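Report on the structure given below.
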Amino acid sequence: MADASDNRALNTGGKVAVVIVAAGRGARAGQADGPKQYQRIGGRAVIARVLDIFLAHPRIGEIVVAIHAEDDELFRQAVGAHADRVTAIAGGATRQDSVRLGLQALRSHAPDKVLIHDAARPFVDAELIDRTIAAIGEREGALPALPVADTLKRESAGGVVSETVSRSGLHAAQTPQGFPFTAIMTMHEEAYHRGRSDFTDDAAIAEWMQMPVKIVAGSPDNVKLTWARDIAMADQRLSGERVRFPDIRTGNGYDVHAFEPGDHVTLCGVAIPHGKKLSGHSDADVGLHALTDALLATCGAGDIGTHFPPSDPQWKGAASRLFVEYAAGLVRERGGRIANADITLICEAPRVGPHREAMTAALSLMLGISPDRISVKATTNEKLGFVGREEGIAAIATASVVFPGDVPE
């Protein structure tokens, strides 16, 4: 942890310094990962997200973070490489005292302007920072705030409503609050020497010292994390904002089998009477073989021969639906959902049209998807090639599978 004499040289050339107050214990927010500024939202510590914004802003120069005297290692673990880009000092017993010590750490550099921000506000954005900086005058501070929208009630000593308070002109204050550096430094020192430690924010000290503070438009998103539920909601919000890209994969398969003497062919799980049959180690269902390869392709699992080698006698004469069901199961084990299957049978005969409905029903059972996600088509080869000479049948299959989306860090 650095003291004022250890600060890095400040390149103020028109830039603005920042004091981030992070020395509190935040007990109301729970202690799962330490004080609230170190708890994780969207996978990162609250304070790290705050530093992301200020370090990326082109107007910001030196950043001083006032942390608890016992939190040096916790701070470094939470912010990682950011620790070497900011100056961490030991804060005081109160927020007000931590700000004063943070300002002291900047005094030798004397920036023109300073922003003071609570580490528990991780949703500050560049536009709000710009508005606040622009509103700081030579003798005028700037306060981001939102008009009070709720009806306000004053409570009596007995716990009942004593009056309704007009909300006209009332605002809820936010941070960062901005000031001319020398002026706010002098005000904090004056409050300290007078024993005043009851100011809840820096604008209140400026009011006490009769410095005008201009209200600028705050941001509804710039909420302060106070309770455990605030941390949970912030985490949910950031998790939802992380972009999840759909992982849709398409696999293709092609197969061909020659004819040999027989009395039927099996295509897409349906036996069709024919003067020949297809030659193969299994039942030679060319459509299902192509579909098996297409499914395996969507998860990088090789091809049908990898899992069901023709040299293995157990697959001799096997129904090819077993291959499709196996491939579909493998896809599901890896988190995939089969969205569509499309099979084109290429043959001169037999006619496929009369059997298309039965094929679709069989495929629906094998794949576990509705018939409207299955397409079975047939075409001839216009009497060309081995298909045209009725020496065999070919098939092309395409499968579309949706896998869980990836979330880039």
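Residue numbering restarts at 1 for every chain of the structure tokens, chains are lettered A, B, ... in their displayed order, and ligands are numbered from 1 as they appear.
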
Residues of range 292-409 of chain A that have any atom at most 7 Å from an atom of range 262-280 of chain A: could you tabulate them with the shortest-distance atom pair and the distance in Å to one decimal, using only C-alpha atoms, ordered by chain and increasing number, as a Markdown table?
| residue | atom | partner | partner_atom | distance |
| --- | --- | --- | --- | --- |
| A:Arg321 | CA | A:Gly269 | CA | 6.4 |
| A:Pro350 | CA | A:His274 | CA | 6.6 |
| A:Ala358 | CA | A:Val270 | CA | 6.9 |
| A:Met359 | CA | A:Cys268 | CA | 5.5 |
| A:Ala362 | CA | A:Gly269 | CA | 6.1 |
| A:Leu363 | CA | A:Cys268 | CA | 7.0 |

List every residue of range 192-332 of chain A that DSSP, applied to the backbone of this structure, places in alpha helix (DSSP H), and write the result as a ChimeraX atom specification. /A:192-193,202-208,228-241,286-297,304-307,321-332

One decimal, Å: what's the distance from CA of Gly388 in chain A over to CA of Asn252 in chain A, could you say? 23.2 Å

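If only C-alpha atoms are the atoms counted, then among A:Thr250, A:Ser156, A:Gln314, A:Ser282 the closest residue to Gly300 in chain A is A:Thr250.
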
Need to verify the contact set: range 121-131 of chain A, 8 Å, only C-alpha atoms, exclusion of same-chain residues closer than 4 positions in sequence. Can you return it as an NGL selection string? :A and (46-47 or 49-50 or 53-54 or 57 or 117 or 135 or 144 or 175-176 or 216-219 or 221-225)

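Using only C-alpha atoms, the shortest contact distance between Gly329 in chain A and any of A:Pro404, A:Gly24, A:Gly368, A:Gly385 is found at A:Gly368.
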
For Gly305 in chain A, find every residue with an atom within 12 Å (counting only C-alpha atoms), except residues of its own chain fewer than 4 positions away, and show them as number ranges by chain. A: 255, 281-282, 289-290, 292-293, 296, 301, 309-312, 315, 323

Would you please extract all strand (DSSP E or B) residues from range 139-263 of chain A, as assigned by DSSP on the backbone, and give them as a ChimeraX atom specification? /A:140-147,152-155,161-165,171-173,177-180,213-217,245-261

Who sits within 8 Å of range 167-172 of chain A, only C-alpha atoms, same chain under 4 positions skipped, as number ranges by chain: A: 145-152

Selection to disk with all heavy atoms, as a PDB file, in the first residue's frame:
ATOM      1  N   ALA A 145     -27.496  13.754 -10.035  1.00  0.00           N
ATOM      2  CA  ALA A 145     -28.633  13.427  -9.174  1.00  0.00           C
ATOM      3  C   ALA A 145     -29.860  13.146 -10.033  1.00  0.00           C
ATOM      4  O   ALA A 145     -29.942  13.561 -11.190  1.00  0.00           O
ATOM      5  CB  ALA A 145     -28.920  14.583  -8.206  1.00  0.00           C
ATOM      6  N   LEU A 146     -30.814  12.443  -9.439  1.00  0.00           N
ATOM      7  CA  LEU A 146     -32.078  12.129 -10.099  1.00  0.00           C
ATOM      8  C   LEU A 146     -33.219  12.733  -9.299  1.00  0.00           C
ATOM      9  O   LEU A 146     -33.217  12.664  -8.056  1.00  0.00           O
ATOM     10  CB  LEU A 146     -32.276  10.614 -10.187  1.00  0.00           C
ATOM     11  CG  LEU A 146     -31.318   9.841 -11.091  1.00  0.00           C
ATOM     12  CD1 LEU A 146     -31.586   8.344 -10.952  1.00  0.00           C
ATOM     13  CD2 LEU A 146     -31.475  10.276 -12.548  1.00  0.00           C
ATOM     14  N   PRO A 147     -34.208  13.311  -9.972  1.00  0.00           N
ATOM     15  CA  PRO A 147     -35.379  13.815  -9.243  1.00  0.00           C
ATOM     16  C   PRO A 147     -36.049  12.675  -8.488  1.00  0.00           C
ATOM     17  O   PRO A 147     -36.139  11.558  -8.980  1.00  0.00           O
ATOM     18  CB  PRO A 147     -36.296  14.344 -10.356  1.00  0.00           C
ATOM     19  CG  PRO A 147     -35.400  14.563 -11.526  1.00  0.00           C
ATOM     20  CD  PRO A 147     -34.319  13.532 -11.423  1.00  0.00           C
ATOM     21  N   VAL A 148     -36.494  12.950  -7.272  1.00  0.00           N
ATOM     22  CA  VAL A 148     -37.172  11.935  -6.473  1.00  0.00           C
ATOM     23  C   VAL A 148     -38.530  11.645  -7.098  1.00  0.00           C
ATOM     24  O   VAL A 148     -39.325  12.569  -7.346  1.00  0.00           O
ATOM     25  CB  VAL A 148     -37.338  12.408  -5.015  1.00  0.00           C
ATOM     26  CG1 VAL A 148     -38.201  11.430  -4.219  1.00  0.00           C
ATOM     27  CG2 VAL A 148     -35.968  12.565  -4.361  1.00  0.00           C
ATOM     28  N   ALA A 149     -38.786  10.365  -7.366  1.00  0.00           N
ATOM     29  CA  ALA A 149     -40.038   9.977  -8.020  1.00  0.00           C
ATOM     30  C   ALA A 149     -41.080   9.478  -7.027  1.00  0.00           C
ATOM     31  O   ALA A 149     -42.282   9.593  -7.268  1.00  0.00           O
ATOM     32  CB  ALA A 149     -39.751   8.900  -9.063  1.00  0.00           C
ATOM     33  N   ASP A 150     -40.640   8.901  -5.917  1.00  0.00           N
ATOM     34  CA  ASP A 150     -41.581   8.335  -4.940  1.00  0.00           C
ATOM     35  C   ASP A 150     -42.213   9.437  -4.089  1.00  0.00           C
ATOM     36  O   ASP A 150     -41.606  10.479  -3.827  1.00  0.00           O
ATOM     37  CB  ASP A 150     -40.856   7.359  -4.007  1.00  0.00           C
ATOM     38  CG  ASP A 150     -40.343   6.136  -4.747  1.00  0.00           C
ATOM     39  OD1 ASP A 150     -40.962   5.752  -5.739  1.00  0.00           O
ATOM     40  OD2 ASP A 150     -39.309   5.586  -4.318  1.00  0.00           O
ATOM     41  N   THR A 151     -43.422   9.176  -3.660  1.00  0.00           N
ATOM     42  CA  THR A 151     -44.051  10.060  -2.686  1.00  0.00           C
ATOM     43  C   THR A 151     -43.346   9.889  -1.344  1.00  0.00           C
ATOM     44  O   THR A 151     -43.084   8.764  -0.912  1.00  0.00           O
ATOM     45  CB  THR A 151     -45.545   9.723  -2.537  1.00  0.00           C
ATOM     46  OG1 THR A 151     -46.194   9.942  -3.799  1.00  0.00           O
ATOM     47  CG2 THR A 151     -46.200  10.584  -1.476  1.00  0.00           C
ATOM     48  N   LEU A 152     -43.035  11.007  -0.709  1.00  0.00           N
ATOM     49  CA  LEU A 152     -42.253  10.976   0.527  1.00  0.00           C
ATOM     50  C   LEU A 152     -43.148  11.199   1.735  1.00  0.00           C
ATOM     51  O   LEU A 152     -44.010  12.089   1.734  1.00  0.00           O
ATOM     52  CB  LEU A 152     -41.162  12.049   0.482  1.00  0.00           C
ATOM     53  CG  LEU A 152     -40.155  11.935  -0.669  1.00  0.00           C
ATOM     54  CD1 LEU A 152     -39.191  13.115  -0.639  1.00  0.00           C
ATOM     55  CD2 LEU A 152     -39.398  10.624  -0.585  1.00  0.00           C
TER      56      LEU A 152
END

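Among A:Gly80, A:Pro246, A:Gly158, A:Gly43, the residue with the shortest atom-to-atom distance to Gly336 in chain A, counting only C-alpha atoms, is A:Pro246.
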
So, with only C-alpha atoms as the atoms that count, which of A:Leu101, A:Ile248, A:Cys299, A:Ala66 lies closest to Asn340 in chain A?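 Closest residue, counting only C-alpha atoms: A:Ile248.
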
So that I can check the surroundings of Val401 in chain A, please list as a VMD selection string every protein, DNA and RNA residue that reaches within 12 Å of it, counting only C-alpha atoms and ignoring chain neighbours fewer than 3 positions away. chain A and resid 246 to 252 294 to 299 327 to 328 330 to 332 334 to 341 367 369 373 398 404 to 405
